[in-house]
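Here is the structure we will look at.
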Amino acid sequence: VTGVVAGPEPGTLDRAGLFAGLGDPALASMNFLNEVAMRYPEAVSFAAGRPCEDFFQVGDIHRYLDTYVAHLASRGIDARRALMQYGRTKGIIHELVARNLEVDEDIRVDPGSVVVTVGCQEAMYLVLRALRATERDVLLAISPNYVGITGAARLVDMPVLPVRGGPAGIDLDDLVDALHRAAAAGLRVRALYLVPDFANPGGTTIDVPTRERLLDIAAGHGVLLLEDNPYGLFDAGGGRLPTLKALDRNRTVVYLGSFAKTAMPGARVGYVVADQRVAGPDGETLLADELSKIKSMVTVNTSPIAQAVVAGKLLEHGCSLVRANAREAEVYRRNRRLLLAGLAARFPGGEVTWNTPAGGFFAVLTVPFPADDALLELSARRYGVLWTPMHHFFAGTGGERQLRLSYSQLEPAAIATGLDRLAALVADRLPTAEEVPR
Ligand SMILES: Cc1ncc(COP(=O)(O)O)c(C=O)c1O
């Protein structure tokens with residue numbers, strides 16, 4: 001029949017007719033990395049940034065629930081309805097979250113400014129959705145950065161412009177340049193996303209004077225700081241620094257929280273503190289209330305059952321996750337020590353270098369050859385060791401000769417074996433004496 005354009009078979013969709021972001025590497029990279037890990041389950045994995053599961057007990061879930069139910073009962077609240085019905089969009093454990101922030105971080109916020117989300121990932125999405133109002137609105141992010149923010153930005157079609165991280169965690173001159181460049185291009189920078197403490201993937205930490213200057217620069221330019229802090233409790237022994245939110249005097253910081261590393265990732269509970277005032281013709285609201293409108297159309301509310309499990313853990317430890325994670329923090333410290341000593345023992349020559357993170361889960365190794373997805377594949381298949389190519393965390397170029405090593409979830413023997421395997425891989429890739437040009 002003339003005039004009928006041949007389309008795909010019934011039951012088949014044309015990729016070109018779907019959301020363009022589906023072709024974005026940021027959305028594919030998590031799946032690629034998971035898929036490699038699934039294909040080589042025997043490999044020692046320095047890849048996954050998962051919390052230590054040595055102390056996970058299924059029985060704890062039941063007890064945490066009981067603890068929270070008892071807490072509700074003591075306040076005259078019907079637990080059946082609180083846990084089993086639809087619930088408040090901003091969450092039901094906001095007061096405990098606010099208390100936790102005060103106890104562990106010296107952050108004092110009104111519980112009304114907390115939105116409890118389905119993991120930190122949802123919080124990122126909500127914030128970016130709210131901030132991306134026009135075509136001109138862009139996000140700055142320290143490069144390299146966590147892929148979750150890149151992916152969330154892609155979902156709301158918000159361009160992400162890189163700011164140099166470097167060993168100090170942020171290059172403030174480059175930040176100021178980026179702000180000026182964006183303004184000159186007619187763009188409106190809404191926020192800078194960053195992980196000031198023990199960053200994923202770089203393992204870097206921003207010092208206090210730089211935090212203070214960053215707050216001033218952001219306030220001066222009318223830019224929010226999206227502070228993501230999933231690893232801040234896990235310092236390597238050198239102490240913890242005040243968060244940007246604790247130093248914030250002008251409501252410049254939107255604080256993103258996750259219970260994935262401090263309670264359990266399976267609960268999928270995170271939160272955002274958004275205490276910024278939003279002025280409109282009908283008066284003022286809080287940014288948290290605007291985010292809750294978006295949330296009501298994305299996940300309706302965070303599972304109250306999952307919130308209750310996290311709440312039980314908080315209640316059992318006086319709302320301190322530092323206290324709740326004393327054993328885990330010790331494991332991360334031990335593993336970091338073993339990793340750094342193991343690297344020094346295996347790579348004495350200087351061709352391979354690495355950073356010394358002050359805490360968290362990650363270190364970065366720099367090698368004198370490309371560490372790309374093909375090498376990861378070979379590393380898994382032939383050498384039995386997994387790691388993450390750093391290029392996944394850069395928009396555009398960067399990290400081509402770097403590996404992210406996660407040390408959070410390994411036993412000491414596995415760290416030793418994994419490093420032996422990594423050393424074998426590196427030895428095979430380094431030019432042999434005959435190949436080195438004289
Ligand atoms: C920097 C950073 N932010 C957020 C998250 C994810 O948090 P959630 O599991 O609560 O969505 C991670 C997890 O790896 C992370 O590394």
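Each chain in the structure tokens gets a letter, A, B and so on, in the order shown; residues start at 1 in every chain, and ligands are counted from 1 in the order they appear.
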Do you know which residues are at most 12 Å from Arg132 of chain A counting only C-alpha atoms, after dropping those on the same chain fewer than 6 positions away, and could you put them as a CSV table (one decimal) with N, CA, C and O atoms, in the first residue's frame?
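Saved result, result15.csv, follows:
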```
chain,number,residue,atom,x,y,z
A,125,TYR,N,17.4,12.8,42.1
A,125,TYR,CA,16.4,13.0,41.0
A,125,TYR,C,15.5,14.1,41.4
A,125,TYR,O,15.2,15.0,40.6
A,126,LEU,N,14.9,14.1,42.6
A,126,LEU,CA,13.9,15.1,43.0
A,126,LEU,C,14.5,16.5,43.0
A,126,LEU,O,13.9,17.4,42.5
A,138,VAL,N,21.8,24.4,34.4
A,138,VAL,CA,22.8,23.4,34.3
A,138,VAL,C,23.3,23.1,35.7
A,138,VAL,O,23.1,23.8,36.7
A,139,LEU,N,23.9,21.9,35.8
A,139,LEU,CA,24.5,21.5,37.1
A,139,LEU,C,26.1,21.4,36.9
A,139,LEU,O,26.5,21.0,35.9
A,152,ALA,N,21.0,10.8,37.0
A,152,ALA,CA,19.8,11.5,37.4
A,152,ALA,C,19.7,12.8,36.6
A,152,ALA,O,18.6,13.2,36.2
A,153,ALA,N,20.8,13.4,36.3
A,153,ALA,CA,20.8,14.7,35.5
A,153,ALA,C,20.3,14.4,34.1
A,153,ALA,O,19.5,15.1,33.5
A,154,ARG,N,20.7,13.2,33.6
A,154,ARG,CA,20.3,12.9,32.2
A,154,ARG,C,18.8,12.7,32.2
A,154,ARG,O,18.1,13.0,31.2
A,155,LEU,N,18.2,12.1,33.3
A,155,LEU,CA,16.8,11.8,33.3
A,155,LEU,C,16.0,13.1,33.2
A,155,LEU,O,14.8,13.1,32.8
A,156,VAL,N,16.5,14.2,33.7
A,156,VAL,CA,15.8,15.5,33.7
A,156,VAL,C,16.4,16.4,32.6
A,156,VAL,O,16.1,17.6,32.6
A,157,ASP,N,17.2,15.8,31.7
A,157,ASP,CA,17.8,16.6,30.6
A,157,ASP,C,18.6,17.8,31.1
A,157,ASP,O,18.6,18.8,30.5
A,158,MET,N,19.3,17.6,32.2
A,158,MET,CA,20.1,18.7,32.7
A,158,MET,C,21.6,18.5,32.4
A,158,MET,O,22.2,17.5,32.9
A,159,PRO,N,22.2,19.4,31.6
A,159,PRO,CA,23.6,19.2,31.3
A,159,PRO,C,24.4,19.3,32.6
A,159,PRO,O,24.1,20.1,33.5
A,160,VAL,N,25.5,18.5,32.7
A,160,VAL,CA,26.4,18.5,33.8
A,160,VAL,C,27.8,19.0,33.3
A,160,VAL,O,28.4,18.4,32.4
A,187,LEU,N,24.2,30.5,30.4
A,187,LEU,CA,23.6,29.3,31.2
A,187,LEU,C,23.4,29.8,32.7
A,187,LEU,O,24.1,30.7,33.1
A,188,ARG,N,22.5,29.1,33.3
A,188,ARG,CA,22.2,29.4,34.7
A,188,ARG,C,22.7,28.2,35.6
A,188,ARG,O,22.0,27.2,35.5
A,189,VAL,N,23.8,28.4,36.3
A,189,VAL,CA,24.2,27.3,37.1
A,189,VAL,C,23.3,27.2,38.4
A,189,VAL,O,23.3,28.2,39.1
A,190,ARG,N,22.7,26.1,38.6
A,190,ARG,CA,21.8,26.0,39.7
A,190,ARG,C,22.5,25.4,41.0
A,190,ARG,O,22.1,25.8,42.1
A,191,ALA,N,23.4,24.5,40.7
A,191,ALA,CA,24.0,23.9,41.9
A,191,ALA,C,25.4,23.2,41.5
A,191,ALA,O,25.6,23.0,40.3
```
Per-residue nearest contacts of chain A to ligand 1 (6 Å; only C-alpha atoms and all ligand atoms) as a Markdown table:
```
| residue | atom | partner | partner_atom_place_in_ligand_line | distance |
| --- | --- | --- | --- | --- |
| A:Gly49 | CA | ligand 1 | 14 (O) | 5.8 |
| A:Gly119 | CA | ligand 1 | 10 (O) | 3.4 |
| A:Cys120 | CA | ligand 1 | 10 (O) | 3.7 |
| A:Gln121 | CA | ligand 1 | 11 (O) | 3.9 |
| A:Tyr146 | CA | ligand 1 | 1 (C) | 5.3 |
| A:Asn200 | CA | ligand 1 | 1 (C) | 5.1 |
| A:Asp228 | CA | ligand 1 | 3 (N) | 5.9 |
| A:Pro230 | CA | ligand 1 | 2 (C) | 5.8 |
| A:Ser258 | CA | ligand 1 | 10 (O) | 4.1 |
| A:Phe259 | CA | ligand 1 | 10 (O) | 5.9 |
| A:Ala260 | CA | ligand 1 | 9 (O) | 4.9 |
| A:Pro265 | CA | ligand 1 | 9 (O) | 5.6 |
| A:Val269 | CA | ligand 1 | 10 (O) | 6.0 |
| A:Gly270 | CA | ligand 1 | 10 (O) | 4.9 |
```
Taking the DSSP secondary structure from the backbone, can you list the residues of segment 110-274 of chain A that are strand (DSSP E or B), as a VMD selection string? chain A and resid 114 to 118 137 to 143 160 to 164 188 to 194 224 to 228 235 253 to 258 269 to 273
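The spacing separating atom CA of His392 of chain A from atom CA of Asp373 of chain A amounts to 9.2 Å.
Here atom CA of Ala345 of chain A stands at a distance of 23.8 Å from atom CA of Leu378 of chain A.
Rounded to one decimal, atom CA of Thr205 of chain A and atom CA of Glu411 of chain A lie 25.3 Å from each other.
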Name all residues at most 12 Å from Glu351 of chain A (count only C-alpha atoms; drop same-chain ones fewer than 6 positions away) and give them as a PDB file with C-alpha atoms, in the first residue's frame.
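So the final result, stored in result_15.pdb, reads:
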```
ATOM      1  CA  LEU A 343      50.132  -1.935  47.043  1.00  0.00           C
ATOM      2  CA  ALA A 344      53.420  -0.613  48.449  1.00  0.00           C
ATOM      3  CA  LEU A 365      45.450   3.410  41.193  1.00  0.00           C
ATOM      4  CA  THR A 366      47.250   5.032  38.250  1.00  0.00           C
ATOM      5  CA  VAL A 367      48.987   2.736  35.773  1.00  0.00           C
ATOM      6  CA  PRO A 368      51.134   3.403  32.699  1.00  0.00           C
ATOM      7  CA  PHE A 369      48.718   1.778  30.240  1.00  0.00           C
ATOM      8  CA  ARG A 401      44.849   5.038  32.999  1.00  0.00           C
ATOM      9  CA  ALA A 423      50.186  -7.306  40.176  1.00  0.00           C
ATOM     10  CA  VAL A 426      50.188  -5.103  35.672  1.00  0.00           C
ATOM     11  CA  ALA A 427      53.428  -7.047  35.169  1.00  0.00           C
ATOM     12  CA  ARG A 429      51.068  -5.055  30.660  1.00  0.00           C
ATOM     13  CA  LEU A 430      54.267  -3.221  31.528  1.00  0.00           C
ATOM     14  CA  PRO A 431      56.831  -3.144  28.750  1.00  0.00           C
TER      15      PRO A 431
END
```
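Comparing A:Arg251, A:Lys295, A:Lys261, A:Arg211 by their smallest distance to Val127 of chain A, the closest is A:Lys295 (using only C-alpha atoms).
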Just checking: using only C-alpha atoms, which residue out of A:Gly312, A:Gly266, A:Pro357, A:Gly418 ends up closest to Asp60 of chain A? A:Gly312
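Candidate residues A:Asp137, A:Glu290, A:Asp420, A:Asp235 were compared for distance to Gly359 of chain A, and the nearest is A:Asp235, using only C-alpha atoms.
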Which is closer to Leu376 of chain A than all the others in A:Gly237, A:Gly232, A:Leu291, A:Ser45, using only C-alpha atoms? A:Ser45
Output as a PyMOL selection string all residues of segment 275-389 of chain A that backbone DSSP marks as alpha helix (DSSP H). chain A and resi 287-295+304-316+321-324+326-346+373-378
Skipping near chain neighbours, those fewer than 2 positions away, what residues fall within 8 Å of Thr89 of chain A using only C-alpha atoms, listed as a JSON list (two decimals) with all heavy atoms, in the first residue's frame?
```
[["chain", "number", "residue", "atom", "x", "y", "z"],
["A", 87, "GLY", "N", 1.54, 6.43, 53.37],
["A", 87, "GLY", "CA", 2.04, 7.29, 54.45],
["A", 87, "GLY", "C", 2.36, 8.69, 53.98],
["A", 87, "GLY", "O", 2.18, 9.04, 52.81],
["A", 91, "GLY", "N", 7.82, 11.29, 54.46],
["A", 91, "GLY", "CA", 8.39, 10.22, 55.29],
["A", 91, "GLY", "C", 7.88, 10.25, 56.71],
["A", 91, "GLY", "O", 7.27, 11.24, 57.15],
["A", 115, "VAL", "N", 13.12, 15.18, 53.60],
["A", 115, "VAL", "CA", 12.28, 14.30, 52.79],
["A", 115, "VAL", "C", 12.96, 12.93, 52.77],
["A", 115, "VAL", "O", 14.10, 12.82, 52.32],
["A", 115, "VAL", "CB", 12.12, 14.80, 51.33],
["A", 115, "VAL", "CG1", 11.16, 13.89, 50.56],
["A", 115, "VAL", "CG2", 11.63, 16.24, 51.30],
["A", 292, "SER", "N", 8.57, 17.24, 47.74],
["A", 292, "SER", "CA", 7.58, 16.21, 48.10],
["A", 292, "SER", "C", 6.46, 16.14, 47.06],
["A", 292, "SER", "O", 5.90, 15.08, 46.81],
["A", 292, "SER", "CB", 7.07, 16.43, 49.52],
["A", 292, "SER", "OG", 5.77, 16.88, 49.53],
["A", 295, "LYS", "N", 7.94, 13.96, 44.48],
["A", 295, "LYS", "CA", 8.00, 12.58, 45.01],
["A", 295, "LYS", "C", 6.63, 11.90, 44.96],
["A", 295, "LYS", "O", 6.52, 10.70, 44.67],
["A", 295, "LYS", "CB", 8.54, 12.59, 46.44],
["A", 295, "LYS", "CG", 8.61, 11.19, 47.05],
["A", 295, "LYS", "CD", 9.31, 11.17, 48.39],
["A", 295, "LYS", "CE", 9.18, 9.80, 49.06],
["A", 295, "LYS", "NZ", 9.86, 8.71, 48.34],
["A", 296, "SER", "N", 5.60, 12.68, 45.22],
["A", 296, "SER", "CA", 4.26, 12.09, 45.25],
["A", 296, "SER", "C", 3.87, 11.51, 43.90],
["A", 296, "SER", "O", 2.97, 10.68, 43.81],
["A", 296, "SER", "CB", 3.23, 13.13, 45.71],
["A", 296, "SER", "OG", 2.96, 14.05, 44.67],
["A", 300, "VAL", "N", 5.39, 8.00, 45.40],
["A", 300, "VAL", "CA", 4.27, 8.23, 46.32],
["A", 300, "VAL", "C", 4.76, 8.44, 47.75],
["A", 300, "VAL", "O", 4.62, 9.52, 48.31],
["A", 300, "VAL", "CB", 3.22, 7.10, 46.24],
["A", 300, "VAL", "CG1", 2.03, 7.43, 47.14],
["A", 300, "VAL", "CG2", 2.75, 6.90, 44.80],
["A", 301, "ASN", "N", 5.30, 7.41, 48.36],
["A", 301, "ASN", "CA", 6.05, 7.62, 49.61],
["A", 301, "ASN", "C", 7.05, 6.48, 49.75],
["A", 301, "ASN", "O", 6.88, 5.43, 49.14],
["A", 301, "ASN", "CB", 5.15, 7.74, 50.85],
["A", 301, "ASN", "CG", 4.23, 6.57, 51.07],
["A", 301, "ASN", "OD1", 3.02, 6.67, 50.94],
["A", 301, "ASN", "ND2", 4.79, 5.42, 51.39],
["A", 302, "THR", "N", 8.10, 6.72, 50.52],
["A", 302, "THR", "CA", 9.10, 5.68, 50.74],
["A", 302, "THR", "C", 8.48, 4.60, 51.61],
["A", 302, "THR", "O", 7.81, 4.93, 52.61],
["A", 302, "THR", "CB", 10.33, 6.29, 51.43],
["A", 302, "THR", "OG1", 10.84, 7.34, 50.61],
["A", 302, "THR", "CG2", 11.42, 5.24, 51.66]]
```
